[in-house]
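Shown here: protein00.cif, mmCIF, C-alpha atoms and all ligand atoms.
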```
data_input
loop_
_atom_site.label_atom_id
_atom_site.label_comp_id
_atom_site.auth_asym_id
_atom_site.auth_seq_id
_atom_site.Cartn_x
_atom_site.Cartn_y
_atom_site.Cartn_z
CA MET A 868 14.30 160.74 -110.86
CA PRO A 869 15.02 158.90 -107.57
CA LYS A 870 15.16 161.19 -104.54
CA GLU A 871 18.70 161.82 -103.34
CA PRO A 872 18.98 160.71 -99.67
CA SER A 873 20.56 163.41 -97.50
CA HIS A 874 22.03 160.96 -94.98
CA PRO A 875 24.71 158.44 -95.95
CA PRO A 876 22.84 155.32 -97.03
CA ASP A 877 26.07 153.51 -97.67
CA LEU A 878 27.19 152.59 -94.20
CA LYS A 879 29.32 149.52 -94.48
CA TYR A 880 28.24 148.03 -91.19
CA LEU A 881 24.63 147.98 -92.36
CA LYS A 882 25.57 145.82 -95.32
CA GLN A 883 28.24 143.56 -93.87
CA GLU A 884 27.78 139.87 -94.65
CA LEU A 885 27.86 138.08 -91.29
CA THR A 886 29.68 134.81 -90.65
CA GLN A 887 27.75 131.72 -89.61
CA GLU A 888 29.43 131.88 -86.19
CA CYS A 889 28.23 135.43 -85.67
CA LYS A 890 24.70 134.65 -86.86
CA ILE A 891 24.45 131.73 -84.42
CA LEU A 892 25.72 133.86 -81.57
CA LEU A 893 23.30 136.69 -82.42
CA SER A 894 20.36 134.31 -82.26
CA THR A 895 21.17 133.67 -78.58
CA LEU A 896 21.69 137.27 -77.42
CA PRO A 897 19.28 139.74 -75.80
CA THR A 898 18.22 142.54 -78.15
CA LYS A 899 16.81 146.06 -77.89
CA SER A 900 15.94 148.55 -80.57
CA GLY A 901 18.91 150.62 -81.75
CA TRP A 902 19.54 154.28 -82.50
CA VAL A 903 20.61 153.78 -86.12
CA VAL A 904 20.09 150.10 -86.89
CA SER A 905 16.93 148.26 -85.97
CA LYS A 906 18.56 146.12 -83.26
CA LEU A 907 21.40 146.26 -80.80
CA TYR A 908 22.66 142.99 -79.25
CA ASN A 909 24.00 142.55 -75.76
CA TYR A 910 27.28 140.64 -75.53
CA GLN A 911 29.44 140.38 -72.40
CA GLY A 912 27.26 143.08 -70.83
CA PHE A 913 27.48 145.70 -73.63
CA TRP A 914 25.37 146.69 -76.65
CA TYR A 915 26.54 146.25 -80.26
CA HIS A 916 25.54 146.50 -83.89
CA PRO A 917 25.65 142.98 -85.38
CA SER A 918 28.63 143.68 -87.63
CA TYR A 919 30.65 145.30 -84.83
CA LEU A 920 30.07 142.13 -82.86
CA GLN A 921 31.56 140.16 -85.70
CA GLY A 922 34.61 142.46 -85.67
CA LEU A 923 34.82 141.94 -81.91
CA LEU A 924 34.76 138.15 -82.21
CA SER A 925 37.51 138.14 -84.86
CA CYS A 926 39.59 140.59 -82.89
CA GLN A 927 39.24 138.58 -79.67
CA LYS A 928 40.27 135.45 -81.54
CA HIS A 929 43.13 136.73 -83.66
CA PHE A 930 44.60 140.01 -82.42
CA GLN A 931 48.05 139.48 -80.94
CA ALA A 932 49.12 142.53 -79.01
CA GLN A 933 52.82 143.35 -78.87
CA ASP A 934 54.47 144.80 -75.78
CA THR A 935 55.19 148.01 -77.65
CA ASP A 936 51.62 148.51 -78.94
CA ILE A 937 49.55 151.51 -77.93
CA LEU A 938 45.80 151.16 -77.87
CA LEU A 939 43.49 154.14 -77.66
CA ALA A 940 40.24 153.02 -76.02
CA THR A 941 37.30 155.40 -75.92
CA THR A 942 33.57 155.60 -75.52
CA PRO A 943 31.93 156.69 -78.80
CA LYS A 944 31.75 160.50 -79.16
CA SER A 945 34.18 161.23 -76.36
CA GLY A 946 36.78 162.86 -78.63
CA THR A 947 38.31 159.76 -80.23
CA THR A 948 39.07 161.65 -83.45
CA TRP A 949 41.01 164.31 -81.52
CA LEU A 950 43.03 161.82 -79.51
CA LYS A 951 43.78 159.81 -82.63
CA ALA A 952 45.19 162.94 -84.24
CA LEU A 953 47.22 163.82 -81.15
CA LEU A 954 48.65 160.36 -80.58
CA PHE A 955 49.50 159.89 -84.24
CA THR A 956 51.28 163.25 -84.42
CA LEU A 957 53.04 162.68 -81.12
CA LEU A 958 54.34 159.22 -81.89
CA ASN A 959 55.40 160.13 -85.42
CA ARG A 960 56.93 163.50 -84.57
CA THR A 961 60.36 162.56 -85.91
CA ARG A 962 59.13 160.88 -89.08
CA TYR A 963 56.53 163.58 -89.79
CA PRO A 964 57.38 166.91 -88.12
CA HIS A 965 54.12 168.71 -87.32
CA ALA A 966 55.07 171.77 -89.36
CA GLN A 967 55.70 169.73 -92.52
CA HIS A 968 53.43 170.93 -95.33
CA ASP A 969 52.61 167.35 -96.32
CA HIS A 970 51.94 166.05 -92.80
CA PRO A 971 49.58 163.05 -93.15
CA LEU A 972 47.00 164.70 -90.91
CA LEU A 973 46.51 167.45 -93.49
CA SER A 974 45.21 165.03 -96.11
CA ASN A 975 43.81 162.13 -94.06
CA ASN A 976 41.02 161.94 -91.54
CA PRO A 977 42.48 160.76 -88.20
CA HIS A 978 40.38 157.57 -88.43
CA MET A 979 42.38 156.62 -91.53
CA LEU A 980 45.67 157.06 -89.68
CA VAL A 981 44.71 155.19 -86.52
CA PRO A 982 42.36 152.34 -87.40
CA PHE A 983 39.83 150.81 -85.08
CA LEU A 984 40.43 147.14 -84.33
CA GLU A 985 36.87 145.81 -84.23
CA ILE A 986 35.25 148.46 -86.45
CA LYS A 987 37.83 148.52 -89.20
CA LEU A 988 40.72 146.04 -89.24
CA TYR A 989 38.86 142.96 -87.92
CA LEU A 990 35.62 143.95 -89.61
CA ASP A 991 37.21 144.20 -93.07
CA ASP A 992 39.14 140.97 -92.60
CA GLN A 993 38.72 138.28 -89.95
CA ASN A 994 42.47 137.91 -89.55
CA PRO A 995 44.19 140.92 -91.13
CA ASP A 996 47.90 141.09 -91.85
CA LEU A 997 49.23 143.84 -89.57
CA SER A 998 52.87 143.45 -90.58
CA SER A 999 52.94 146.82 -92.37
CA PHE A 1000 52.34 148.71 -89.11
CA ALA A 1001 55.59 150.20 -87.84
CA SER A 1002 56.43 149.87 -84.15
CA PRO A 1003 55.07 151.26 -81.90
CA ARG A 1004 51.80 150.21 -83.51
CA LEU A 1005 48.92 152.53 -82.71
CA PHE A 1006 45.36 151.17 -82.87
CA SER A 1007 42.07 152.18 -81.38
CA THR A 1008 38.98 150.52 -80.03
CA HIS A 1009 35.63 151.25 -78.43
CA LEU A 1010 35.60 147.83 -76.75
CA PRO A 1011 34.91 147.78 -73.03
CA TYR A 1012 37.80 146.56 -70.86
CA VAL A 1013 36.11 143.23 -70.19
CA SER A 1014 35.96 142.40 -73.91
CA LEU A 1015 39.50 143.35 -74.91
CA PRO A 1016 41.46 140.53 -76.58
CA LYS A 1017 43.35 138.46 -74.00
CA SER A 1018 46.72 139.38 -75.50
CA VAL A 1019 46.05 143.07 -74.76
CA LYS A 1020 45.64 142.29 -71.08
CA ASP A 1021 48.52 139.78 -70.94
CA SER A 1022 51.08 141.87 -72.82
CA LYS A 1023 52.82 145.04 -71.71
CA CYS A 1024 51.02 147.10 -74.36
CA LYS A 1025 49.72 150.43 -73.10
CA LEU A 1026 46.15 151.66 -73.07
CA VAL A 1027 45.10 155.29 -73.24
CA TYR A 1028 41.45 155.60 -72.25
CA LEU A 1029 39.42 158.69 -73.07
CA CYS A 1030 35.91 159.44 -71.88
CA ARG A 1031 33.79 162.54 -71.57
CA ASN A 1032 31.08 164.03 -69.42
CA PRO A 1033 28.21 161.62 -70.14
CA LYS A 1034 25.74 164.47 -70.81
CA ASP A 1035 27.92 165.89 -73.59
CA THR A 1036 28.69 162.40 -74.87
CA PHE A 1037 24.97 161.74 -75.05
CA ILE A 1038 24.22 164.91 -77.04
CA SER A 1039 27.09 164.22 -79.40
CA LEU A 1040 25.91 160.63 -79.90
CA TRP A 1041 22.34 161.75 -80.51
CA ALA A 1042 23.47 164.27 -83.14
CA PHE A 1043 25.77 161.70 -84.77
CA SER A 1044 23.06 159.04 -84.88
CA ASN A 1045 20.80 161.45 -86.74
CA GLN A 1046 23.52 162.00 -89.35
CA LEU A 1047 23.71 158.26 -89.93
CA ARG A 1048 20.04 157.40 -90.15
CA LEU A 1049 18.48 157.02 -93.56
CA GLN A 1050 16.20 159.88 -94.48
CA GLU A 1051 13.17 157.62 -94.61
CA MET A 1052 13.79 156.58 -90.98
CA GLY A 1053 13.46 160.19 -89.79
CA THR A 1054 15.54 161.60 -86.96
CA ASN A 1055 15.77 160.20 -83.43
CA SER A 1056 13.83 162.26 -80.94
CA LEU A 1057 15.99 163.44 -78.08
CA GLU A 1058 13.46 162.10 -75.57
CA ASP A 1059 13.43 158.59 -77.07
CA VAL A 1060 17.16 158.14 -77.13
CA PHE A 1061 17.55 159.79 -73.73
CA GLU A 1062 15.37 157.02 -72.33
CA LYS A 1063 17.54 154.40 -74.01
CA TYR A 1064 20.78 155.99 -72.84
CA CYS A 1065 19.52 156.08 -69.26
CA GLU A 1066 18.70 152.37 -69.51
CA GLY A 1067 22.24 151.77 -70.71
CA VAL A 1068 21.10 150.92 -74.24
CA SER A 1069 23.51 152.77 -76.53
CA LEU A 1070 26.33 151.63 -78.76
CA TYR A 1071 29.00 150.14 -76.44
CA GLY A 1072 26.81 151.10 -73.47
CA PRO A 1073 25.97 151.11 -70.62
CA PHE A 1074 28.24 154.14 -70.53
CA TRP A 1075 28.81 153.84 -66.76
CA ASP A 1076 30.10 150.26 -67.07
CA HIS A 1077 32.42 151.30 -69.91
CA LEU A 1078 33.90 154.09 -67.80
CA LEU A 1079 34.16 152.00 -64.66
CA GLY A 1080 35.91 149.08 -66.36
CA TYR A 1081 38.83 151.26 -67.47
CA TRP A 1082 38.77 153.49 -64.40
CA GLN A 1083 39.20 150.54 -62.06
CA GLU A 1084 41.93 149.09 -64.23
CA SER A 1085 43.76 152.42 -64.32
CA LEU A 1086 43.74 152.50 -60.50
CA LYS A 1087 45.04 148.93 -60.28
CA ASN A 1088 47.58 149.28 -63.02
CA PRO A 1089 48.48 152.93 -63.67
CA ASP A 1090 51.52 152.01 -65.77
CA LYS A 1091 49.28 150.16 -68.19
CA VAL A 1092 46.10 152.22 -68.36
CA TYR A 1093 46.08 156.01 -68.60
CA PHE A 1094 42.65 157.46 -67.86
CA LEU A 1095 41.87 160.82 -69.41
CA THR A 1096 38.77 162.96 -69.86
CA TYR A 1097 37.87 165.25 -72.75
CA GLU A 1098 37.26 168.07 -70.30
CA GLU A 1099 40.73 167.77 -68.74
CA MET A 1100 42.27 167.72 -72.18
CA LYS A 1101 40.29 170.83 -73.20
CA GLU A 1102 41.20 172.68 -70.04
CA GLU A 1103 44.93 172.02 -69.93
CA PRO A 1104 45.89 170.46 -73.24
CA ASP A 1105 49.63 171.14 -72.94
CA LEU A 1106 49.84 169.62 -69.47
CA HIS A 1107 47.97 166.49 -70.52
CA LEU A 1108 49.87 166.11 -73.76
CA ARG A 1109 53.10 166.20 -71.79
CA LYS A 1110 51.74 163.69 -69.28
CA LEU A 1111 50.71 161.43 -72.14
CA THR A 1112 54.23 161.45 -73.57
CA GLU A 1113 55.59 160.51 -70.15
CA PHE A 1114 53.11 157.64 -69.80
CA LEU A 1115 54.01 156.43 -73.28
CA GLY A 1116 57.73 156.62 -72.55
CA CYS A 1117 58.48 159.31 -75.15
CA PRO A 1118 58.68 162.59 -73.20
CA PHE A 1119 59.43 165.83 -75.01
CA SER A 1120 63.11 166.77 -74.88
CA VAL A 1121 64.22 170.20 -73.68
CA GLU A 1122 64.94 171.15 -77.33
CA GLU A 1123 61.50 170.00 -78.45
CA LYS A 1124 59.85 172.09 -75.75
CA LYS A 1125 61.99 175.10 -76.64
CA GLU A 1126 61.09 174.72 -80.30
CA GLY A 1127 57.38 174.93 -79.42
CA MET A 1128 56.66 171.30 -80.28
CA VAL A 1129 53.88 170.97 -77.67
CA GLU A 1130 51.98 174.01 -78.99
CA GLY A 1131 52.65 172.97 -82.59
CA ILE A 1132 51.14 169.53 -82.11
CA LEU A 1133 48.14 170.98 -80.30
CA ASP A 1134 47.62 173.48 -83.12
CA ILE A 1135 47.68 171.00 -85.96
CA CYS A 1136 45.24 168.75 -84.04
CA SER A 1137 42.93 171.57 -82.95
CA PHE A 1138 39.23 171.38 -83.71
CA ASP A 1139 39.34 174.44 -86.00
CA ASN A 1140 42.35 173.25 -87.93
CA LEU A 1141 41.06 169.72 -88.49
CA ARG A 1142 37.49 170.74 -89.21
CA ASN A 1143 38.54 173.22 -91.89
CA LEU A 1144 40.73 170.83 -93.84
CA LYS A 1145 39.36 169.88 -97.25
CA VAL A 1146 39.58 166.19 -96.42
CA ASN A 1147 37.40 166.65 -93.34
CA LYS A 1148 34.94 169.01 -95.01
CA GLU A 1149 34.36 166.95 -98.12
CA GLY A 1150 35.77 163.48 -97.57
CA LYS A 1151 34.12 160.24 -96.49
CA LEU A 1152 35.42 157.21 -94.64
CA PRO A 1153 35.43 153.92 -96.57
CA SER A 1154 32.80 152.79 -94.04
CA GLY A 1155 30.45 155.48 -95.39
CA GLU A 1156 30.42 158.20 -92.72
CA ASN A 1157 31.08 161.79 -93.83
CA ASN A 1158 34.31 163.01 -92.25
CA SER A 1159 32.55 166.26 -91.33
CA ALA A 1160 30.26 164.32 -88.97
CA PHE A 1161 33.19 163.89 -86.58
CA PHE A 1162 33.55 167.66 -86.12
CA ARG A 1163 30.30 169.12 -84.79
CA ASN A 1164 31.18 171.93 -82.38
CA GLY A 1165 33.78 170.44 -80.02
CA LYS A 1166 32.57 172.32 -76.93
CA VAL A 1167 32.30 171.42 -73.27
CA GLY A 1168 28.82 171.84 -71.80
CA ASP A 1169 26.76 171.87 -75.00
CA TRP A 1170 24.25 169.64 -73.16
CA LYS A 1171 22.94 172.83 -71.51
CA ASN A 1172 21.41 173.79 -74.85
CA TYR A 1173 19.38 170.58 -75.11
CA LEU A 1174 18.56 168.87 -71.81
CA THR A 1175 15.63 169.87 -69.62
CA THR A 1176 16.02 170.28 -65.84
CA GLU A 1177 14.24 166.93 -65.33
CA MET A 1178 16.59 165.21 -67.74
CA VAL A 1179 19.63 166.65 -65.99
CA GLU A 1180 18.34 165.57 -62.58
CA ARG A 1181 17.70 162.05 -63.81
CA PHE A 1182 21.11 161.87 -65.40
CA GLU A 1183 22.87 163.08 -62.32
CA LYS A 1184 21.03 160.58 -60.18
CA ILE A 1185 22.11 157.76 -62.48
CA CYS A 1186 25.73 158.91 -62.46
CA GLU A 1187 25.67 159.24 -58.67
CA GLU A 1188 24.26 155.75 -58.22
CA LYS A 1189 26.38 153.99 -60.78
CA LEU A 1190 29.68 155.72 -60.05
CA HIS A 1191 29.14 155.82 -56.28
CA GLY A 1192 32.23 154.86 -54.33
CA SER A 1193 34.43 154.64 -57.42
CA GLY A 1194 36.08 158.03 -56.99
CA LEU A 1195 35.02 158.93 -60.52
CA LYS A 1196 32.97 162.12 -60.88
CA PHE A 1197 31.72 164.36 -63.68
P1 LIG A 1201 30.57 167.30 -80.37
O1 LIG A 1201 29.56 166.45 -81.07
O2 LIG A 1201 30.17 167.65 -78.98
O3 LIG A 1201 30.96 168.50 -81.16
P2 LIG A 1201 34.48 161.05 -81.45
O4 LIG A 1201 35.71 161.52 -82.12
O5 LIG A 1201 34.75 160.14 -80.29
O6 LIG A 1201 33.49 160.55 -82.41
O7 LIG A 1201 33.87 162.35 -80.74
C1 LIG A 1201 33.37 163.40 -81.51
C2 LIG A 1201 33.33 164.64 -80.65
O8 LIG A 1201 34.66 165.16 -80.52
C3 LIG A 1201 32.49 165.71 -81.30
O9 LIG A 1201 31.92 166.45 -80.22
C4 LIG A 1201 33.55 166.51 -82.04
O10 LIG A 1201 33.16 167.81 -82.37
C5 LIG A 1201 34.69 166.50 -81.04
N1 LIG A 1201 35.98 166.73 -81.68
C6 LIG A 1201 36.43 166.25 -82.86
N2 LIG A 1201 37.66 166.70 -83.12
C7 LIG A 1201 38.02 167.50 -82.08
C8 LIG A 1201 39.19 168.28 -81.78
N3 LIG A 1201 40.23 168.31 -82.60
N4 LIG A 1201 39.20 168.95 -80.62
C9 LIG A 1201 38.15 168.92 -79.79
N5 LIG A 1201 37.01 168.23 -80.03
C10 LIG A 1201 36.95 167.51 -81.15
#
```
Once you've parsed the file, please lay out its structure as structure tokens.
Amino acid sequence: MPKEPSHPPDLKYLKQELTQECKILLSTLPTKSGWVVSKLYNYQGFWYHPSYLQGLLSCQKHFQAQDTDILLATTPKSGTTWLKALLFTLLNRTRYPHAQHDHPLLSNNPHMLVPFLEIKLYLDDQNPDLSSFASPRLFSTHLPYVSLPKSVKDSKCKLVYLCRNPKDTFISLWAFSNQLRLQEMGTNSLEDVFEKYCEGVSLYGPFWDHLLGYWQESLKNPDKVYFLTYEEMKEEPDLHLRKLTEFLGCPFSVEEKKEGMVEGILDICSFDNLRNLKVNKEGKLPSGENNSAFFRNGKVGDWKNYLTTEMVERFEKICEEKLHGSGLKF
């Protein structure tokens, strides 16, 4: 009997048929070895899987942002799943009250409710029909600011950017990459991928350029880009949820606050609630990832359990150098 692989072998992006345009472009780009796939390609200064690059090209070419759109931009493993759940629940609070027993979040992974542009919509279809999305449309992306479709920058659509302490992001990414690798590939050693991360070679990396692109834009244009960290959100979730509603132009009313809407939304989107739902324990995304892989432990500071003193020193030096003068600190 064939051996059952313990890691998902069925990842869609590993099997995606690439367009001629994408293949030609790939042949011209710098490459480095990847964490899950054999090669990452550098495009517009950032590292991609080949199929994500194809999604990026289609999205850059065809996505037409509307002034009312909301785009959640994040670095991978910074808490995207959480923010997707929160934004979805927040924006749909009239249509789907959070206490409703059939709230969509109870039976759908947040990634199914808030699709990625370049990893889902424009990867599945080069020019998808988005007419079924009700306004305000809510999408997400891991694209760096520099590579966003032109219409996103030219329109009045709003961007919520989430990032996380790079040390925790790194550990989360390392753990996630090991869930995605085929069994026969073995797991990534922490030391190997640490080296790559420090060189900036990680999916959508270098992480410092990703952070800086949105940080600088949020300083220039605070009405368009809202910059948020996972740690802030963990520390004062009610404050930041309220601030988010104000940025998005849908503040909680006095009645909503009195009714406990803020706490209710935070509860339904909490790590423990989402992780323990059947859909997130047992389900899979159509792209092949197990839903459970998006809920590891959801803690701040888990890096302390993995990184050596030397690693921490090196990391801090990199952050100091790269973020120097920006006003951004972790
Ligand atoms: P850890 O691996 O540190 O546990 P992303 O959603 O961008 O892929 O990020 C995944 C990280 O967010 C994981 O971190 C995961 O546990 C954490 N996470 C997922 N849902 C969360 C929630 N509702 N609240 C807080 N953290 C959450």
>> Within 6 Å of ligand LIG 1201 (chain A) (counting all atoms listed in the file), which residues show up? I'd like them as a ChimeraX atom specification.
In response: /A:943-949,1039,1136-1138,1161-1166
Please save C-alpha atoms of the selected residues as a short mmCIF file (atom, residue, chain, number, x, y, z; two decimals), keeping the file's coordinate frame.
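Once written, out_19.cif looks like this:
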```cif
data_model
loop_
_atom_site.label_atom_id
_atom_site.label_comp_id
_atom_site.auth_asym_id
_atom_site.auth_seq_id
_atom_site.Cartn_x
_atom_site.Cartn_y
_atom_site.Cartn_z
CA PRO A 943 31.93 156.69 -78.80
CA LYS A 944 31.75 160.50 -79.16
CA SER A 945 34.18 161.23 -76.36
CA GLY A 946 36.78 162.86 -78.63
CA THR A 947 38.31 159.76 -80.23
CA THR A 948 39.07 161.65 -83.45
CA TRP A 949 41.01 164.31 -81.52
CA SER A 1039 27.09 164.22 -79.40
CA CYS A 1136 45.24 168.75 -84.04
CA SER A 1137 42.93 171.57 -82.95
CA PHE A 1138 39.23 171.38 -83.71
CA PHE A 1161 33.19 163.89 -86.58
CA PHE A 1162 33.55 167.66 -86.12
CA ARG A 1163 30.30 169.12 -84.79
CA ASN A 1164 31.18 171.93 -82.38
CA GLY A 1165 33.78 170.44 -80.02
CA LYS A 1166 32.57 172.32 -76.93
#
```
> Which is closer to A:Ser905 than all the others in A:Met1128, A:Met1052, A:His968, A:Asn1032, using only C-alpha atoms?
Replying inline: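 Result for the nearest residue to A:Ser905: A:Met1052.
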>> So that I can see what lies close to A:Thr1054, please list as a list in words the residues with an atom at most 9 Å from it, counting only C-alpha atoms and leaving out residues fewer than 5 positions away in the same chain.
In response: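 My reading of the contact set: Ser1044, Asn1045, Gln1046, Arg1048 and Leu1049 of chain A.
You will find atom CA of A:Asp1021 at 23.7 Å from atom CA of A:Lys951.
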>> Rounded to one decimal, what separation in Å do you get between atom CA of A:Lys1171 and atom CA of A:Glu1183?
In response: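 Straight-line distance from atom CA of A:Lys1171 to atom CA of A:Glu1183 works out to 13.4 Å.
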>> Using Å and a single decimal, report how far atom CA of A:Leu997 sits from atom CA of A:Ser925.
In response: 13.9 Å
>> So, with all atoms listed in the file as the atoms that count, which of A:Pro977, A:Pro1011, A:Pro1089, A:Pro1033 lies closest to A:Asn1158?
In response: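 Looking at the shortest contact to A:Asn1158, the residue is A:Pro977.
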> Nearest to A:Tyr1064 among A:Leu1078, A:Leu920, A:Ile1038, A:Leu1029, with distances taken over all atoms listed in the file: which residue is it?
Replying inline: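 That would be A:Ile1038, the residue with the smallest distance to A:Tyr1064.
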> Skipping near chain neighbours, those fewer than 6 positions away, what residues fall within 12 Å of A:Asp996 using all atoms listed in the file, listed as a list in words?
Replying inline: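 Selected residues are His929, Phe930, Gln931, Leu988 and Tyr989 of chain A.
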